[in-house]
Each structure stands twice: as C-alpha cells, then as structure tokens.
>>> print(open('upload33.cif').read())   # mmCIF, C-alpha atoms
data_entry
loop_
_atom_site.group_PDB
_atom_site.id
_atom_site.type_symbol
_atom_site.label_atom_id
_atom_site.label_comp_id
_atom_site.auth_asym_id
_atom_site.auth_seq_id
_atom_site.Cartn_x
_atom_site.Cartn_y
_atom_site.Cartn_z
ATOM 1 C CA MET A 113 -48.675 94.299 25.276
ATOM 2 C CA LYS A 114 -44.873 94.369 25.146
ATOM 3 C CA LYS A 115 -42.767 97.144 26.561
ATOM 4 C CA PRO A 116 -40.678 99.091 24.051
ATOM 5 C CA VAL A 117 -37.136 97.848 23.891
ATOM 6 C CA SER A 118 -34.630 100.370 25.183
ATOM 7 C CA SER A 119 -31.170 100.671 23.779
ATOM 8 C CA ARG A 120 -28.311 98.620 25.166
ATOM 9 C CA ASP A 121 -26.775 101.501 27.123
ATOM 10 C CA GLY A 122 -30.039 102.377 28.863
ATOM 11 C CA CYS A 123 -30.504 105.853 27.449
ATOM 12 C CA ASN A 124 -33.633 104.991 25.413
ATOM 13 C CA GLY A 125 -32.332 106.050 22.025
ATOM 14 C CA ASP A 126 -30.621 109.288 23.036
ATOM 15 C CA THR A 127 -27.156 109.640 21.590
ATOM 16 C CA THR A 128 -25.872 111.812 24.440
ATOM 17 C CA MET A 129 -25.971 110.764 28.046
ATOM 18 C CA SER A 130 -26.352 113.256 30.825
ATOM 19 C CA LEU A 131 -24.264 113.075 33.961
ATOM 20 C CA VAL A 132 -25.675 112.779 37.468
ATOM 21 C CA ALA A 133 -23.763 113.459 40.671
ATOM 22 C CA ALA A 134 -24.541 111.813 43.988
ATOM 23 C CA VAL A 135 -23.264 112.983 47.387
ATOM 24 C CA ARG A 136 -23.667 111.030 50.599
ATOM 25 C CA VAL A 137 -25.298 113.294 53.180
ATOM 26 C CA ARG A 138 -26.063 110.950 56.070
ATOM 27 C CA GLY A 139 -23.700 108.634 57.908
ATOM 28 C CA VAL A 140 -23.556 104.905 58.507
ATOM 29 C CA PRO A 141 -25.641 104.257 61.680
ATOM 30 C CA ASP A 142 -29.198 102.963 61.244
ATOM 31 C CA THR A 143 -28.829 102.474 57.496
ATOM 32 C CA ARG A 144 -31.279 99.990 56.001
ATOM 33 C CA LYS A 145 -29.647 96.883 54.525
ATOM 34 C CA LYS A 146 -30.727 97.413 50.905
ATOM 35 C CA ALA A 147 -29.765 101.071 51.027
ATOM 36 C CA ARG A 148 -26.392 100.196 52.570
ATOM 37 C CA GLN A 149 -25.707 97.657 49.798
ATOM 38 C CA THR A 150 -26.687 100.221 47.171
ATOM 39 C CA LEU A 151 -24.425 102.858 48.717
ATOM 40 C CA GLU A 152 -21.539 100.364 48.665
ATOM 41 C CA THR A 153 -22.244 99.620 44.993
ATOM 42 C CA LEU A 154 -22.142 103.357 44.261
ATOM 43 C CA HIS A 155 -18.862 103.602 46.263
ATOM 44 C CA LEU A 156 -20.408 106.099 48.686
ATOM 45 C CA HIS A 157 -18.936 104.754 51.918
ATOM 46 C CA ASN A 158 -18.611 107.950 53.988
ATOM 47 C CA LYS A 159 -20.333 111.288 54.422
ATOM 48 C CA ASN A 160 -19.425 113.982 51.896
ATOM 49 C CA ASN A 161 -18.209 111.443 49.324
ATOM 50 C CA ALA A 162 -19.336 112.114 45.748
ATOM 51 C CA VAL A 163 -19.547 110.127 42.517
ATOM 52 C CA VAL A 164 -20.479 111.098 38.973
ATOM 53 C CA ILE A 165 -22.433 108.541 36.933
ATOM 54 C CA GLN A 166 -24.269 108.343 33.641
ATOM 55 C CA ASP A 167 -28.046 108.764 33.764
ATOM 56 C CA THR A 168 -29.271 105.246 32.943
ATOM 57 C CA ASP A 169 -32.304 103.370 34.205
ATOM 58 C CA ALA A 170 -30.192 101.064 36.381
ATOM 59 C CA GLN A 171 -28.258 103.931 37.948
ATOM 60 C CA THR A 172 -31.466 105.916 38.539
ATOM 61 C CA GLY A 173 -32.980 102.902 40.296
ATOM 62 C CA MET A 174 -30.000 102.718 42.635
ATOM 63 C CA LEU A 175 -30.193 106.443 43.360
ATOM 64 C CA VAL A 176 -33.903 106.166 44.179
ATOM 65 C CA ARG A 177 -33.226 103.229 46.519
ATOM 66 C CA ALA A 178 -30.622 105.279 48.433
ATOM 67 C CA LYS A 179 -32.522 108.595 48.318
ATOM 68 C CA ASP A 180 -32.875 108.762 52.109
ATOM 69 C CA TYR A 181 -29.093 108.977 52.522
ATOM 70 C CA ILE A 182 -27.867 110.929 49.482
ATOM 71 C CA ALA A 183 -28.464 114.076 47.480
ATOM 72 C CA TYR A 184 -28.374 113.606 43.722
ATOM 73 C CA GLY A 185 -29.175 115.441 40.537
ATOM 74 C CA PRO A 186 -27.979 116.382 37.068
ATOM 75 C CA VAL A 187 -24.729 118.315 36.742
ATOM 76 C CA ASP A 188 -23.232 120.293 33.905
ATOM 77 C CA THR A 189 -19.822 119.660 32.399
ATOM 78 C CA GLU A 190 -18.250 122.740 34.016
ATOM 79 C CA THR A 191 -18.978 121.400 37.494
ATOM 80 C CA VAL A 192 -17.685 117.928 36.612
ATOM 81 C CA GLU A 193 -14.517 119.460 35.176
ATOM 82 C CA SER A 194 -14.007 121.487 38.360
ATOM 83 C CA LEU A 195 -14.626 118.390 40.509
ATOM 84 C CA LEU A 196 -12.156 116.277 38.553
ATOM 85 C CA SER A 197 -9.536 119.033 38.415
ATOM 86 C CA LYS A 198 -9.603 119.826 42.126
ATOM 87 C CA ARG A 199 -10.460 116.466 43.719
ATOM 88 C CA GLY A 200 -9.479 113.818 41.167
ATOM 89 C CA SER A 201 -6.275 111.820 41.381
ATOM 90 C CA VAL A 202 -4.665 108.976 39.459
ATOM 91 C CA ASN A 203 -2.497 106.648 41.557
ATOM 92 C CA GLY A 204 -1.856 109.441 44.065
ATOM 93 C CA THR A 205 -1.038 112.112 41.472
ATOM 94 C CA PRO A 206 -3.458 115.024 40.960
ATOM 95 C CA LEU A 207 -5.573 114.489 37.851
ATOM 96 C CA PRO A 208 -4.482 117.590 35.893
ATOM 97 C CA ASP A 209 -0.882 116.290 36.046
ATOM 98 C CA ALA A 210 -1.759 112.655 35.259
ATOM 99 C CA VAL A 211 -4.637 112.915 32.782
ATOM 100 C CA ASP A 212 -2.402 111.537 30.013
ATOM 101 C CA GLU A 213 -2.181 108.212 31.924
ATOM 102 C CA LEU A 214 -5.926 107.815 31.271
ATOM 103 C CA GLY A 215 -5.463 108.424 27.546
ATOM 104 C CA TYR A 216 -6.702 112.029 27.289
ATOM 105 C CA ASP A 217 -4.908 115.288 26.606
ATOM 106 C CA THR A 218 -6.786 117.557 29.043
ATOM 107 C CA VAL A 219 -9.372 117.281 31.799
ATOM 108 C CA SER A 220 -11.950 118.923 29.522
ATOM 109 C CA ASP A 221 -11.408 116.150 26.931
ATOM 110 C CA LEU A 222 -12.011 113.596 29.674
ATOM 111 C CA VAL A 223 -15.217 115.340 30.775
ATOM 112 C CA THR A 224 -16.430 115.491 27.164
ATOM 113 C CA ALA A 225 -15.827 111.739 26.809
ATOM 114 C CA LEU A 226 -17.751 111.115 30.027
ATOM 115 C CA ASP A 227 -20.632 113.321 28.924
ATOM 116 C CA GLU A 228 -20.918 111.685 25.503
ATOM 117 C CA GLY A 229 -20.791 108.186 26.993
ATOM 118 C CA GLU A 230 -17.483 107.181 25.377
ATOM 119 C CA THR A 231 -16.124 106.154 28.768
ATOM 120 C CA THR A 232 -17.394 105.688 32.318
ATOM 121 C CA LEU A 233 -15.923 106.351 35.730
ATOM 122 C CA GLY A 234 -15.816 102.589 36.241
ATOM 123 C CA LYS A 235 -13.442 102.172 33.295
ATOM 124 C CA LEU A 236 -11.368 105.113 34.497
ATOM 125 C CA ARG A 237 -11.305 103.673 38.016
ATOM 126 C CA ARG A 238 -9.838 100.444 36.648
ATOM 127 C CA ASN A 239 -7.112 102.578 35.038
ATOM 128 C CA GLY A 240 -6.220 104.222 38.371
ATOM 129 C CA LEU A 241 -8.669 107.123 38.884
ATOM 130 C CA LYS A 242 -9.585 107.408 42.552
ATOM 131 C CA VAL A 243 -13.352 107.194 43.076
ATOM 132 C CA PRO A 244 -15.228 108.426 45.150
ATOM 133 C CA PHE A 245 -14.241 112.054 45.424
ATOM 134 C CA ARG A 246 -13.822 113.185 49.023
ATOM 135 C CA LEU A 247 -15.367 116.613 49.479
ATOM 136 C CA SER A 248 -15.507 119.033 52.377
ATOM 137 C CA PRO A 249 -18.849 119.828 54.017
ATOM 138 C CA PRO A 250 -20.721 122.531 52.109
ATOM 139 C CA SER A 251 -20.125 126.129 53.083
ATOM 140 C CA LYS A 252 -23.181 127.344 55.016
ATOM 141 C CA GLY A 253 -23.935 123.675 55.705
ATOM 142 C CA PHE A 254 -26.754 121.350 54.703
ATOM 143 C CA LYS A 255 -30.313 122.530 55.295
ATOM 144 C CA ASP A 256 -31.677 119.466 57.089
ATOM 145 C CA THR A 257 -30.150 116.013 56.732
ATOM 146 C CA ARG A 258 -33.365 114.204 57.667
ATOM 147 C CA ARG A 259 -35.743 115.818 55.177
ATOM 148 C CA HIS A 260 -35.984 115.650 51.435
ATOM 149 C CA TYR A 261 -35.176 118.574 49.176
ATOM 150 C CA GLN A 262 -38.849 119.220 48.419
ATOM 151 C CA GLN A 263 -39.493 119.521 52.177
ATOM 152 C CA SER A 264 -36.750 122.136 52.705
ATOM 153 C CA GLY A 265 -34.104 119.496 53.379
ATOM 154 C CA SER A 266 -31.001 118.207 51.637
ATOM 155 C CA LEU A 267 -31.853 114.603 50.722
ATOM 156 C CA GLY A 268 -33.130 113.110 47.484
ATOM 157 C CA LYS A 269 -33.291 114.453 43.953
ATOM 158 C CA ARG A 270 -32.505 118.119 43.458
ATOM 159 C CA ASP A 271 -32.289 120.346 40.415
ATOM 160 C CA ASP A 272 -29.480 122.576 41.701
ATOM 161 C CA MET A 273 -26.857 119.897 42.292
ATOM 162 C CA ASP A 274 -24.261 122.174 40.676
ATOM 163 C CA ASN A 275 -24.736 124.713 43.458
ATOM 164 C CA LEU A 276 -24.247 122.099 46.195
ATOM 165 C CA LEU A 277 -21.116 120.651 44.574
ATOM 166 C CA LYS A 278 -19.572 124.089 44.076
ATOM 167 C CA ARG A 279 -20.092 124.777 47.778
ATOM 168 C CA MET A 280 -18.374 121.465 48.641
ATOM 169 C CA ILE A 281 -15.396 121.630 46.270
#
>>> encode(input="upload33.cif", output="structure tokens")
Amino acid sequence: MKKPVSSRDGCNGDTTMSLVAAVRVRGVPDTRKKARQTLETLHLHNKNNAVVIQDTDAQTGMLVRAKDYIAYGPVDTETVESLLSKRGSVNGTPLPDAVDELGYDTVSDLVTALDEGETTLGKLRRNGLKVPFRLSPPSKGFKDTRRHYQQSGSLGKRDDMDNLLKRMI
C-alpha cells in the first residue's frame, strides 16, 4: 500500500504553516556526532542561540534528532515579532531600522510572511538577516538541562515555548 503523497512544502495540504522555535540549551562537550551535525544545520552553534523555522516534516525530524540538546516548540506571531524586533539585525543594523532592505514595510509584515510560508529565514539570511538570534539566559534559569520537559527539565518538545522565549529576550 502506498503512502499518501504530501505537498511539496511538507505541510500535508495545509495552506498555513506554523512556526517553531528552537533554543540550544546544552553546550558543545560530549555531543553525539549526528546531533552535532544537525545542530550545525540548524545554525545552533552555541548555548542560548535561537532559530525560528517552519513546521515541516524535515525540520521536525531534525528537531527530534537534536532533542537532547535543545528546547523547541510552537510559537505565536507576537513572540516571533518581539524576537525579531529586539534581537534581529540586517548587516549590523537593528531589524526595525532595516526591515525595508528585506522588502517589507514593517516587522509585523515580515512575521506575517514567515507565518504564511511566503518566505523563510533561509531566504532572509541570504539577504543579510543575522541568524541565529543570540539570547540571554532565561530569567529564573532553566529547570534542569539534563532532563526532558516531561520529566521536569528543559530539553525536548514543549508547549509553552513562548514563555521561555519571553524570559530570554
């Protein structure tokens, strides 16, 4: 029996794509080779670095492979807009001042385009957007950097990724 064919963009027929944020929680030492390669592909080189990606099957597979070193989960557009406004930069200029270089009028227009799948951070990065976003450690700290979120830790998939990012911005 054949598997159903998914759409070309990996969202299985949905017209809107949700955004997922990933934050590196653990450092470099003792990182498994496949996880290290995946973290490099996601541009998560250092602790407290964050990226925002579309929720596709390929991206989800990479997040699952690196789950022992990152925290990830869905984010809403308000959090992404705050992240881009406060931590984004284009060729050294803060993003709110240089958003017109990327072809958008405001940061909220850019976030809407990201959310609807019209553009990706990869395309924006080629136009000068600095990725990953360097964040400060979360206020009140991480719970436990060796346990998963379901075990009262900070690693792996979490539903309240917005809360963690707001504490780090």
>>> resolve_selection(input="upload33.cif", expression="the PyMOL selection byres ((chain A and resi 196-203) around 7)", output="list of chain:residue names")
A:Val192, A:Glu193, A:Ser194, A:Leu195, A:Gly204, A:Thr205, A:Pro206, A:Leu207, A:Pro208, A:Ala210, A:Val219, A:Gly240, A:Leu241, A:Lys242, A:Phe245
>>> closest_residue(input="upload33.cif", among="A:Asp274, A:Gly268, A:Asn160, A:Phe254", to="Val135 of chain A", atoms="only C-alpha atoms")
A:Asn160
>>> resolve_selection(input="upload33.cif", expression="the PyMOL selection byres ((chain A and resi 249) around 9)", output="count of residues only")
12
>>> residues_around(input="upload33.cif", residues="segment 145-153 of chain A", least_positions_apart="3", cutoff="9 Å", atoms="only C-alpha atoms", output="PyMOL selection string")
chain A and resi 136+140+156-157+174-175+177-182
>>> atom_distance(input="upload33.cif", atom1="atom CA of Pro141 of chain A", atom2="atom CA of Arg246 of chain A")
19.5 Å
>>> residues_around(input="upload33.cif", residues="Leu226 of chain A", least_positions_apart="3", cutoff="12 Å", atoms="all atoms listed in the file", output="PyMOL selection string")
chain A and resi 128-132+164-167+188-189+192-193+196+216+219-223+229-236
>>> write_last_selection(input="upload33.cif", atoms="C-alpha atoms", output="PDB file, in the frame of the given file")
ATOM      1  CA  THR A 128     -25.872 111.812  24.440  1.00  0.00           C
ATOM      2  CA  MET A 129     -25.971 110.764  28.046  1.00  0.00           C
ATOM      3  CA  SER A 130     -26.352 113.256  30.825  1.00  0.00           C
ATOM      4  CA  LEU A 131     -24.264 113.075  33.961  1.00  0.00           C
ATOM      5  CA  VAL A 132     -25.675 112.779  37.468  1.00  0.00           C
ATOM      6  CA  VAL A 164     -20.479 111.098  38.973  1.00  0.00           C
ATOM      7  CA  ILE A 165     -22.433 108.541  36.933  1.00  0.00           C
ATOM      8  CA  GLN A 166     -24.269 108.343  33.641  1.00  0.00           C
ATOM      9  CA  ASP A 167     -28.046 108.764  33.764  1.00  0.00           C
ATOM     10  CA  ASP A 188     -23.232 120.293  33.905  1.00  0.00           C
ATOM     11  CA  THR A 189     -19.822 119.660  32.399  1.00  0.00           C
ATOM     12  CA  VAL A 192     -17.685 117.928  36.612  1.00  0.00           C
ATOM     13  CA  GLU A 193     -14.517 119.460  35.176  1.00  0.00           C
ATOM     14  CA  LEU A 196     -12.156 116.277  38.553  1.00  0.00           C
ATOM     15  CA  TYR A 216      -6.702 112.029  27.289  1.00  0.00           C
ATOM     16  CA  VAL A 219      -9.372 117.281  31.799  1.00  0.00           C
ATOM     17  CA  SER A 220     -11.950 118.923  29.522  1.00  0.00           C
ATOM     18  CA  ASP A 221     -11.408 116.150  26.931  1.00  0.00           C
ATOM     19  CA  LEU A 222     -12.011 113.596  29.674  1.00  0.00           C
ATOM     20  CA  VAL A 223     -15.217 115.340  30.775  1.00  0.00           C
ATOM     21  CA  GLY A 229     -20.791 108.186  26.993  1.00  0.00           C
ATOM     22  CA  GLU A 230     -17.483 107.181  25.377  1.00  0.00           C
ATOM     23  CA  THR A 231     -16.124 106.154  28.768  1.00  0.00           C
ATOM     24  CA  THR A 232     -17.394 105.688  32.318  1.00  0.00           C
ATOM     25  CA  LEU A 233     -15.923 106.351  35.730  1.00  0.00           C
ATOM     26  CA  GLY A 234     -15.816 102.589  36.241  1.00  0.00           C
ATOM     27  CA  LYS A 235     -13.442 102.172  33.295  1.00  0.00           C
ATOM     28  CA  LEU A 236     -11.368 105.113  34.497  1.00  0.00           C
TER      29      LEU A 236
END
>>> axis_aligned_box(input="upload33.cif", around="segment 216-219 of chain A", padding_each_side="4 Å", output="AutoDock Vina command-line options")
--center_x -7.1 --center_y 114.8 --center_z 29.2 --size_x 12.5 --size_y 13.5 --size_z 13.2
>>> closest_residue(input="upload33.cif", among="A:Ala162, A:Ala170, A:Ala225, A:Leu154", to="Leu277 of chain A", atoms="all atoms listed in the file")
A:Ala162
>>> atom_distance(input="upload33.cif", atom1="atom CA of Pro244 of chain A", atom2="atom CA of Val163 of chain A")
5.3 Å
>>> atom_distance(input="upload33.cif", atom1="atom CA of Arg144 of chain A", atom2="atom CA of Val243 of chain A")
23.2 Å
